[in-house]
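data-v7.tsv follows (TSV, C-alpha atoms):
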```tsv
chain	number	residue	atom	x	y	z
Y	1	MET	CA	89.44	-79.18	-27.27
Y	2	THR	CA	86.51	-77.18	-28.59
Y	3	ALA	CA	86.22	-73.34	-28.83
Y	4	PRO	CA	83.60	-71.54	-26.72
Y	5	LEU	CA	80.32	-70.84	-28.36
Y	6	THR	CA	79.64	-67.25	-29.43
Y	7	PRO	CA	76.45	-65.74	-27.90
Y	8	HIS	CA	73.57	-65.15	-30.34
Y	9	ASP	CA	73.17	-61.47	-29.31
Y	10	GLN	CA	76.79	-60.64	-30.14
Y	11	HIS	CA	77.69	-60.01	-33.75
Y	12	SER	CA	81.04	-60.60	-35.24
Y	13	PRO	CA	82.97	-57.52	-36.30
Y	14	HIS	CA	83.10	-58.93	-39.81
Y	15	ASP	CA	79.28	-58.87	-40.10
Y	16	GLU	CA	78.95	-55.05	-39.87
Y	17	PRO	CA	80.52	-52.58	-42.30
Y	18	GLY	CA	83.35	-50.54	-40.97
Y	19	GLU	CA	83.40	-46.77	-40.80
Y	20	GLY	CA	83.66	-45.23	-44.22
Y	21	ARG	CA	82.99	-48.53	-46.00
Y	22	PRO	CA	79.75	-49.17	-47.97
Y	23	PRO	CA	77.45	-51.88	-46.62
Y	24	SER	CA	77.56	-55.30	-48.12
Y	25	HIS	CA	75.25	-56.26	-50.98
Y	26	GLY	CA	71.65	-56.65	-49.91
Y	27	GLN	CA	72.23	-55.22	-46.44
Y	28	PRO	CA	70.82	-51.74	-45.69
Y	29	SER	CA	72.87	-49.34	-43.63
Y	30	GLY	CA	71.69	-47.26	-40.73
Y	31	ASP	CA	68.16	-47.25	-39.40
Y	32	SER	CA	65.85	-49.58	-41.30
Y	33	GLY	CA	62.91	-47.16	-40.75
Y	34	ALA	CA	64.47	-44.39	-42.91
Y	35	PRO	CA	63.96	-45.27	-46.61
Y	36	TYR	CA	66.89	-43.22	-47.86
Y	37	PRO	CA	69.10	-42.09	-45.00
Y	38	SER	CA	71.79	-40.88	-47.32
Y	39	GLY	CA	69.65	-37.84	-48.32
Y	40	TYR	CA	68.98	-38.79	-51.96
Y	41	PRO	CA	65.47	-38.15	-53.31
Y	42	GLU	CA	63.02	-40.98	-53.69
Y	43	HIS	CA	63.11	-40.67	-57.51
Y	44	PRO	CA	66.61	-39.52	-58.46
Y	45	GLY	CA	65.68	-39.63	-62.14
Y	46	HIS	CA	63.38	-36.60	-61.82
Y	47	ALA	CA	65.27	-33.44	-62.76
Y	48	SER	CA	64.48	-30.00	-61.36
Y	49	GLY	CA	62.78	-28.99	-64.60
Y	50	HIS	CA	60.37	-31.94	-64.60
Y	51	PRO	CA	56.69	-30.93	-64.50
Y	52	GLU	CA	56.26	-32.90	-61.24
Y	53	HIS	CA	58.94	-30.87	-59.50
Y	54	PRO	CA	57.49	-28.16	-57.17
Y	55	GLY	CA	59.62	-25.40	-58.69
Y	56	TYR	CA	58.61	-26.16	-62.25
Y	57	ALA	CA	55.22	-24.46	-61.98
Y	58	GLU	CA	56.79	-21.31	-60.55
Y	59	HIS	CA	59.38	-21.25	-63.34
Y	60	ALA	CA	56.69	-21.66	-66.00
Y	61	GLU	CA	54.63	-18.90	-64.41
Y	62	LEU	CA	57.56	-16.49	-64.42
Y	63	SER	CA	58.30	-17.23	-68.08
Y	64	GLU	CA	54.67	-16.55	-68.97
Y	65	HIS	CA	54.64	-13.22	-67.14
Y	66	SER	CA	57.87	-12.14	-68.85
Y	67	GLU	CA	56.08	-11.96	-72.19
Y	68	PRO	CA	53.74	-8.99	-72.83
Y	69	GLY	CA	50.08	-9.83	-72.59
Y	70	PRO	CA	47.49	-9.15	-75.26
Y	71	GLU	CA	46.28	-5.99	-73.49
Y	72	LEU	CA	49.78	-4.51	-73.39
Y	73	ARG	CA	50.37	-5.36	-77.05
Y	74	ALA	CA	47.06	-3.76	-78.02
Y	75	GLU	CA	47.95	-0.63	-76.04
Y	76	LEU	CA	51.34	-0.39	-77.76
Y	77	VAL	CA	49.68	-0.75	-81.15
Y	78	ARG	CA	47.22	2.05	-80.35
Y	79	ALA	CA	50.05	4.27	-79.13
Y	80	SER	CA	52.00	3.65	-82.35
Y	81	LEU	CA	48.97	4.51	-84.48
Y	82	VAL	CA	48.41	7.70	-82.47
Y	83	ALA	CA	52.03	8.75	-82.90
Y	84	ILE	CA	51.90	8.17	-86.66
Y	85	ALA	CA	48.58	10.00	-87.09
Y	86	VAL	CA	49.78	12.98	-85.06
Y	87	ALA	CA	53.07	13.14	-86.96
Y	88	VAL	CA	51.28	13.13	-90.32
Y	89	SER	CA	49.03	15.98	-89.18
Y	90	GLY	CA	52.17	18.10	-88.90
Y	91	VAL	CA	51.79	18.75	-92.63
Y	92	LEU	CA	48.67	20.78	-91.88
Y	93	LEU	CA	50.50	22.71	-89.19
Y	94	GLY	CA	53.29	23.57	-91.63
Y	95	LEU	CA	50.84	24.84	-94.26
Y	96	LEU	CA	49.00	26.97	-91.71
Y	97	TRP	CA	52.25	28.38	-90.39
Y	98	LEU	CA	53.35	29.30	-93.89
Y	99	TRP	CA	50.01	31.00	-94.50
Y	100	LEU	CA	49.58	32.82	-91.19
Y	101	ALA	CA	53.16	33.72	-90.30
Y	102	PRO	CA	53.96	37.40	-90.94
Y	103	LYS	CA	56.29	38.08	-93.82
Y	104	VAL	CA	59.67	39.67	-93.28
Y	105	PRO	CA	60.14	42.42	-95.94
Y	106	LEU	CA	63.70	42.90	-97.14
Y	107	VAL	CA	65.25	45.43	-99.53
Y	108	SER	CA	68.58	45.57	-101.30
Y	109	ASP	CA	70.61	48.64	-102.23
Y	110	GLY	CA	72.77	46.71	-104.66
Y	111	SER	CA	75.54	45.95	-102.19
Y	112	ALA	CA	73.75	44.72	-99.07
Y	113	VAL	CA	70.34	43.54	-97.91
Y	114	TYR	CA	68.44	45.33	-95.16
Y	115	LEU	CA	65.19	45.01	-93.28
Y	116	LYS	CA	62.68	47.36	-94.78
Y	117	ASN	CA	61.13	47.99	-91.37
Y	118	SER	CA	64.01	47.87	-88.88
Y	119	GLU	CA	61.66	48.22	-85.92
Y	120	GLY	CA	59.30	45.50	-87.05
Y	121	GLU	CA	58.70	42.32	-85.10
Y	122	ASP	CA	57.81	40.15	-88.06
Y	123	ALA	CA	60.59	37.63	-87.38
Y	124	VAL	CA	59.47	37.18	-83.78
Y	125	GLY	CA	55.87	36.93	-84.97
Y	126	ALA	CA	56.69	33.80	-86.97
Y	127	ASP	CA	57.84	32.07	-83.78
Y	128	GLY	CA	54.72	33.18	-81.93
Y	129	VAL	CA	52.39	31.92	-84.65
Y	130	PHE	CA	54.14	28.56	-84.70
Y	131	THR	CA	53.87	28.26	-80.91
Y	132	LEU	CA	50.18	29.15	-80.83
Y	133	LEU	CA	49.40	26.74	-83.65
Y	134	GLY	CA	51.34	24.00	-81.88
Y	135	LEU	CA	49.40	24.56	-78.66
Y	136	ALA	CA	46.08	24.46	-80.52
Y	137	PHE	CA	46.98	21.31	-82.45
Y	138	GLY	CA	48.17	19.67	-79.26
Y	139	ALA	CA	44.91	20.38	-77.46
Y	140	VAL	CA	42.81	19.12	-80.39
Y	141	SER	CA	44.84	15.93	-80.76
Y	142	ALA	CA	44.58	15.22	-77.02
Y	143	ILE	CA	40.79	15.63	-77.08
Y	144	ILE	CA	40.43	13.34	-80.10
Y	145	VAL	CA	42.66	10.65	-78.58
Y	146	PHE	CA	40.78	10.82	-75.27
Y	147	LEU	CA	37.42	10.45	-76.97
Y	148	LEU	CA	38.60	7.51	-79.07
Y	149	PHE	CA	40.55	5.70	-76.35
Y	150	ARG	CA	38.98	6.68	-73.06
Y	151	HIS	CA	40.53	3.69	-71.30
Y	152	GLY	CA	44.02	4.38	-72.63
Y	153	GLY	CA	47.08	4.30	-70.44
Y	154	ILE	CA	50.49	5.87	-70.27
Y	155	ALA	CA	51.43	4.45	-73.67
Y	156	LEU	CA	48.92	6.75	-75.39
Y	157	VAL	CA	50.38	9.78	-73.64
Y	158	VAL	CA	53.86	8.77	-74.77
Y	159	GLY	CA	52.52	8.31	-78.30
Y	160	LEU	CA	51.02	11.79	-78.19
Y	161	ALA	CA	54.30	13.29	-76.99
Y	162	ILE	CA	56.44	11.56	-79.61
Y	163	GLY	CA	53.96	12.30	-82.38
Y	164	GLY	CA	53.80	15.96	-81.34
Y	165	VAL	CA	57.56	16.40	-81.61
Y	166	LEU	CA	57.66	14.68	-84.99
Y	167	ALA	CA	54.73	16.76	-86.25
Y	168	SER	CA	56.40	19.98	-85.15
Y	169	VAL	CA	59.65	19.09	-86.91
Y	170	ILE	CA	57.74	18.17	-90.07
Y	171	ALA	CA	55.79	21.43	-89.96
Y	172	TRP	CA	58.94	23.48	-89.41
Y	173	ARG	CA	60.87	21.93	-92.28
Y	174	LEU	CA	57.87	22.00	-94.60
Y	175	GLY	CA	57.21	25.68	-93.93
Y	176	VAL	CA	60.84	26.58	-94.55
Y	177	TRP	CA	60.92	24.49	-97.73
Y	178	LEU	CA	57.73	25.94	-99.21
Y	179	GLY	CA	58.50	29.49	-98.08
Y	180	PRO	CA	60.80	32.01	-99.71
Y	181	THR	CA	64.26	30.80	-100.54
Y	182	SER	CA	66.91	31.00	-97.87
Y	183	ASP	CA	69.46	32.32	-100.39
Y	184	VAL	CA	68.85	35.97	-99.64
Y	185	VAL	CA	71.62	37.25	-101.93
Y	186	ALA	CA	70.32	35.42	-104.98
Y	187	HIS	CA	66.77	36.52	-104.15
Y	188	ALA	CA	67.89	40.16	-103.83
Y	189	LYS	CA	69.67	40.04	-107.17
Y	190	ALA	CA	66.60	38.51	-108.80
Y	191	ALA	CA	64.33	41.17	-107.28
Y	192	GLY	CA	66.56	44.10	-108.19
Y	193	LYS	CA	67.87	47.15	-106.41
Y	194	GLY	CA	65.38	48.91	-104.15
Y	195	VAL	CA	62.68	46.27	-104.68
Y	196	THR	CA	61.05	44.79	-101.58
Y	197	PHE	CA	60.95	41.03	-101.33
Y	198	ASP	CA	60.04	38.52	-98.63
Y	199	GLY	CA	62.71	37.06	-96.45
Y	200	PRO	CA	62.94	33.34	-95.67
Y	201	LEU	CA	60.63	31.81	-93.09
Y	202	LYS	CA	62.62	30.94	-90.00
Y	203	LEU	CA	61.93	29.49	-86.57
Y	204	GLY	CA	64.24	31.25	-84.16
Y	205	ALA	CA	62.93	29.76	-80.91
Y	206	LYS	CA	63.46	26.02	-81.24
Y	207	GLY	CA	61.58	25.50	-77.99
Y	208	ALA	CA	58.38	26.05	-79.97
Y	209	LEU	CA	58.85	22.52	-81.31
Y	210	LEU	CA	57.72	21.21	-77.89
Y	211	ALA	CA	54.50	23.24	-77.74
Y	212	TRP	CA	52.41	20.51	-79.39
Y	213	SER	CA	53.65	17.74	-77.06
Y	214	VAL	CA	53.33	19.79	-73.88
Y	215	ALA	CA	49.77	20.89	-74.70
Y	216	ALA	CA	48.73	17.35	-75.67
Y	217	MET	CA	50.04	15.79	-72.46
Y	218	VAL	CA	48.55	18.45	-70.19
Y	219	ILE	CA	45.12	18.40	-71.83
Y	220	HIS	CA	45.00	14.60	-71.90
Y	221	LEU	CA	45.96	14.47	-68.21
Y	222	VAL	CA	43.24	16.98	-67.29
Y	223	LEU	CA	40.59	15.13	-69.30
Y	224	THR	CA	41.58	11.81	-67.76
Y	225	GLY	CA	41.41	13.27	-64.28
Y	226	LEU	CA	37.99	14.86	-64.85
Y	227	PHE	CA	36.18	12.42	-67.12
Y	228	GLY	CA	38.27	9.26	-67.06
Y	229	PRO	CA	36.94	5.91	-65.78
Y	230	ARG	CA	36.99	5.45	-62.03
Y	231	ASP	CA	38.03	2.29	-60.25
Y	232	PRO	CA	35.21	0.82	-58.15
Y	233	GLU	CA	35.60	1.55	-54.47
Y	234	PRO	CA	36.08	-1.51	-52.27
Y	235	ALA	CA	32.96	-2.55	-50.39
Y	236	LEU	CA	33.08	-1.89	-46.67
Y	237	PRO	CA	32.50	-4.83	-44.36
Y	238	PRO	CA	29.09	-4.82	-42.67
Y	239	ALA	CA	28.96	-3.25	-39.25
Y	240	PRO	CA	28.66	-5.74	-36.41
Y	241	GLN	CA	25.15	-6.00	-35.06
Y	242	PRO	CA	24.67	-5.67	-31.31
Y	243	GLU	CA	23.78	-8.93	-29.63
Y	244	ALA	CA	20.30	-9.16	-28.20
Y	245	HIS	CA	20.23	-9.85	-24.46
```
Any chance you could put this one into structure tokens?
Amino acid sequence: MTAPLTPHDQHSPHDEPGEGRPPSHGQPSGDSGAPYPSGYPEHPGHASGHPEHPGYAEHAELSEHSEPGPELRAELVRASLVAIAVAVSGVLLGLLWLWLAPKVPLVSDGSAVYLKNSEGEDAVGADGVFTLLGLAFGAVSAIIVFLLFRHGGIALVVGLAIGGVLASVIAWRLGVWLGPTSDVVAHAKAAGKGVTFDGPLKLGAKGALLAWSVAAMVIHLVLTGLFGPRDPEPALPPAPQPEAH
């Protein structure tokens, strides 16, 4: 007795892979029209950092923009040179302050030291002279920097501000160091009883140390606003012409 023949359009359950089992060797699974139905890329060997990957160009562009460009580096170099030059010019401010600041006359009676002119404003005058000199030096430095670097940016202004503070501190310490000694008792003993001598040069108002920087930033801002380069205005689109009937 022979078994019935199996129809050609009916496959045996052993010919197809079961659910959850990989297909047999050499037999594709799923739709034959989809090259990789499992979702794997066509070239699995290409990593995300490969130059052919779409995200590689964007990553390289971001890494290039993270580094400062040549224009930014040149601007930082100019700002550093401006700050150093302004700070060094504080020596001239200190010498002028020592020369122009009013002297504070003192006198000793052998036991104590007194102001010779108790109603004088010589001590306050030293602060005023320092402030006026700082404002003048700040304006001059801003004009020079603007003429040399007309296309400068915010870095030059920061360089002016930092250099102005350093110059003021240098001028203050230099004036005090070159002026009369701060040891008033020893100076009074050396001068003698009843002999007038000059008191030490002091800067009572420490806010005067900012005069140079404030003047430099304001003057540079005004000059940039009045005489600085202007960005070209965008061209307007041409007006539509009326159609001829």
Which of these, Y:Val129, Y:Ala74, Y:Ile143, Y:Ala186, has the shortest distance to Leu93 (chain Y) once you count all atoms listed in the file? Y:Val129
Would you write out, as a Markdown table, a table of all residues in region 96-157 of chain Y that have an atom no more than 12 Å from an atom of region 205-226 of chain Y, listing for each the closest atom pair and the distance in Å to one decimal, considering all atoms listed in the file and ordering rows by chain and rising residue number?
```
| residue | atom | partner | partner_atom | distance |
| --- | --- | --- | --- | --- |
| Y:Ala123 | CA | Y:Ala205 | CA | 10.5 |
| Y:Val124 | CA | Y:Ala205 | CA | 8.7 |
| Y:Gly125 | CA | Y:Ala205 | CA | 10.9 |
| Y:Ala126 | CA | Y:Ala205 | CA | 9.6 |
| Y:Asp127 | CA | Y:Ala205 | CA | 6.3 |
| Y:Gly128 | CA | Y:Ala208 | CA | 8.3 |
| Y:Val129 | CA | Y:Ala208 | CA | 9.6 |
| Y:Phe130 | CA | Y:Ala208 | CA | 6.8 |
| Y:Thr131 | CA | Y:Ala208 | CA | 5.1 |
| Y:Leu132 | CA | Y:Ala211 | CA | 7.9 |
| Y:Leu133 | CA | Y:Trp212 | CA | 8.1 |
| Y:Gly134 | CA | Y:Trp212 | CA | 4.4 |
| Y:Leu135 | CA | Y:Trp212 | CA | 5.1 |
| Y:Ala136 | CA | Y:Trp212 | CA | 7.5 |
| Y:Phe137 | CA | Y:Trp212 | CA | 6.3 |
| Y:Gly138 | CA | Y:Ala216 | CA | 4.3 |
| Y:Ala139 | CA | Y:Ala216 | CA | 5.2 |
| Y:Val140 | CA | Y:Ala216 | CA | 7.8 |
| Y:Ser141 | CA | Y:Ala216 | CA | 6.6 |
| Y:Ala142 | CA | Y:Ala216 | CA | 4.9 |
| Y:Ile143 | CA | Y:His220 | CA | 6.8 |
| Y:Ile144 | CA | Y:His220 | CA | 9.5 |
| Y:Val145 | CA | Y:His220 | CA | 8.1 |
| Y:Phe146 | CA | Y:His220 | CA | 6.6 |
| Y:Leu147 | CA | Y:Leu223 | CA | 9.5 |
| Y:Leu148 | CA | Y:His220 | CA | 11.9 |
| Y:Phe149 | CA | Y:Thr224 | CA | 10.6 |
| Y:Arg150 | CA | Y:Thr224 | CA | 7.8 |
| Y:His151 | CA | Y:Thr224 | CA | 8.9 |
| Y:Gly152 | CA | Y:Thr224 | CA | 9.2 |
| Y:Gly153 | CA | Y:Thr224 | CA | 9.7 |
| Y:Ile154 | CA | Y:Leu221 | CA | 9.9 |
| Y:Ala155 | CA | Y:Met217 | CA | 11.5 |
| Y:Leu156 | CA | Y:His220 | CA | 9.4 |
| Y:Val157 | CA | Y:Met217 | CA | 6.1 |
```
How would the residues just chosen look if you wrote them out with C-alpha atoms as a JSON list (two decimals), in the frame of the given file?
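Final output, saved to again_12.json:
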```
[["chain", "number", "residue", "atom", "x", "y", "z"],
["Y", 123, "ALA", "CA", 60.59, 37.63, -87.38],
["Y", 124, "VAL", "CA", 59.47, 37.18, -83.78],
["Y", 125, "GLY", "CA", 55.87, 36.93, -84.97],
["Y", 126, "ALA", "CA", 56.69, 33.80, -86.97],
["Y", 127, "ASP", "CA", 57.84, 32.07, -83.78],
["Y", 128, "GLY", "CA", 54.72, 33.18, -81.93],
["Y", 129, "VAL", "CA", 52.39, 31.92, -84.65],
["Y", 130, "PHE", "CA", 54.14, 28.56, -84.70],
["Y", 131, "THR", "CA", 53.87, 28.26, -80.91],
["Y", 132, "LEU", "CA", 50.18, 29.15, -80.83],
["Y", 133, "LEU", "CA", 49.40, 26.74, -83.65],
["Y", 134, "GLY", "CA", 51.34, 24.00, -81.88],
["Y", 135, "LEU", "CA", 49.40, 24.56, -78.66],
["Y", 136, "ALA", "CA", 46.08, 24.46, -80.52],
["Y", 137, "PHE", "CA", 46.98, 21.31, -82.45],
["Y", 138, "GLY", "CA", 48.17, 19.67, -79.26],
["Y", 139, "ALA", "CA", 44.91, 20.38, -77.46],
["Y", 140, "VAL", "CA", 42.81, 19.12, -80.39],
["Y", 141, "SER", "CA", 44.84, 15.93, -80.76],
["Y", 142, "ALA", "CA", 44.58, 15.22, -77.02],
["Y", 143, "ILE", "CA", 40.79, 15.63, -77.08],
["Y", 144, "ILE", "CA", 40.43, 13.34, -80.10],
["Y", 145, "VAL", "CA", 42.66, 10.65, -78.58],
["Y", 146, "PHE", "CA", 40.78, 10.82, -75.27],
["Y", 147, "LEU", "CA", 37.42, 10.45, -76.97],
["Y", 148, "LEU", "CA", 38.60, 7.51, -79.07],
["Y", 149, "PHE", "CA", 40.55, 5.70, -76.35],
["Y", 150, "ARG", "CA", 38.98, 6.68, -73.06],
["Y", 151, "HIS", "CA", 40.53, 3.69, -71.30],
["Y", 152, "GLY", "CA", 44.02, 4.38, -72.63],
["Y", 153, "GLY", "CA", 47.08, 4.30, -70.44],
["Y", 154, "ILE", "CA", 50.49, 5.87, -70.27],
["Y", 155, "ALA", "CA", 51.43, 4.45, -73.67],
["Y", 156, "LEU", "CA", 48.92, 6.75, -75.39],
["Y", 157, "VAL", "CA", 50.38, 9.78, -73.64]]
```
Contacts between region 200-204 of chain Y and region 132-180 of chain Y, please, where a residue of region 132-180 of chain Y counts if it comes within 10 Å (with only C-alpha atoms); show its shortest atom pair and distance in Å to one decimal, rows by chain and ascending number, as JSON lines.
```
{"residue": "Y:Trp172", "atom": "CA", "partner": "Y:Leu203", "partner_atom": "CA", "distance": 7.3}
{"residue": "Y:Arg173", "atom": "CA", "partner": "Y:Lys202", "partner_atom": "CA", "distance": 9.5}
{"residue": "Y:Gly175", "atom": "CA", "partner": "Y:Leu201", "partner_atom": "CA", "distance": 7.1}
{"residue": "Y:Val176", "atom": "CA", "partner": "Y:Leu201", "partner_atom": "CA", "distance": 5.4}
{"residue": "Y:Trp177", "atom": "CA", "partner": "Y:Leu201", "partner_atom": "CA", "distance": 8.7}
{"residue": "Y:Leu178", "atom": "CA", "partner": "Y:Leu201", "partner_atom": "CA", "distance": 9.0}
{"residue": "Y:Gly179", "atom": "CA", "partner": "Y:Leu201", "partner_atom": "CA", "distance": 5.9}
{"residue": "Y:Pro180", "atom": "CA", "partner": "Y:Pro200", "partner_atom": "CA", "distance": 4.8}
```
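All protein and nucleic acid residues in the vicinity of (59.1, 42.5, -102.3), that is within 9 Å when counting all atoms listed in the file, are Pro105, Leu106, Val107, Ala191, Val195, Thr196, Phe197, Asp198 and Gly199 of chain Y.
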Distance query Val91 (chain Y) at most 7 Å, all atoms listed in the file, self and fewer than 3 positions along chain excluded, as number ranges by chain: Y: 88, 94-95, 170-171
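When CA of Leu166 (chain Y) is paired with CA of Val77 (chain Y), their separation reads 17.8 Å.
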Can you tell me, as number ranges by chain, what residues are no more than 6 Å from region 159-161 of chain Y when counting all atoms listed in the file, ignoring any on the same chain fewer than 4 positions away? Y: 79, 82-83, 213
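Between Val169 (chain Y) and the candidates Y:Ala87, Y:Leu76, Y:Val184, Y:Leu81, the tightest atom-to-atom separation, counting only C-alpha atoms, involves Y:Ala87.
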One number please: CA of Leu100 (chain Y) to CA of Val158 (chain Y), in Å, one decimal. 29.4 Å
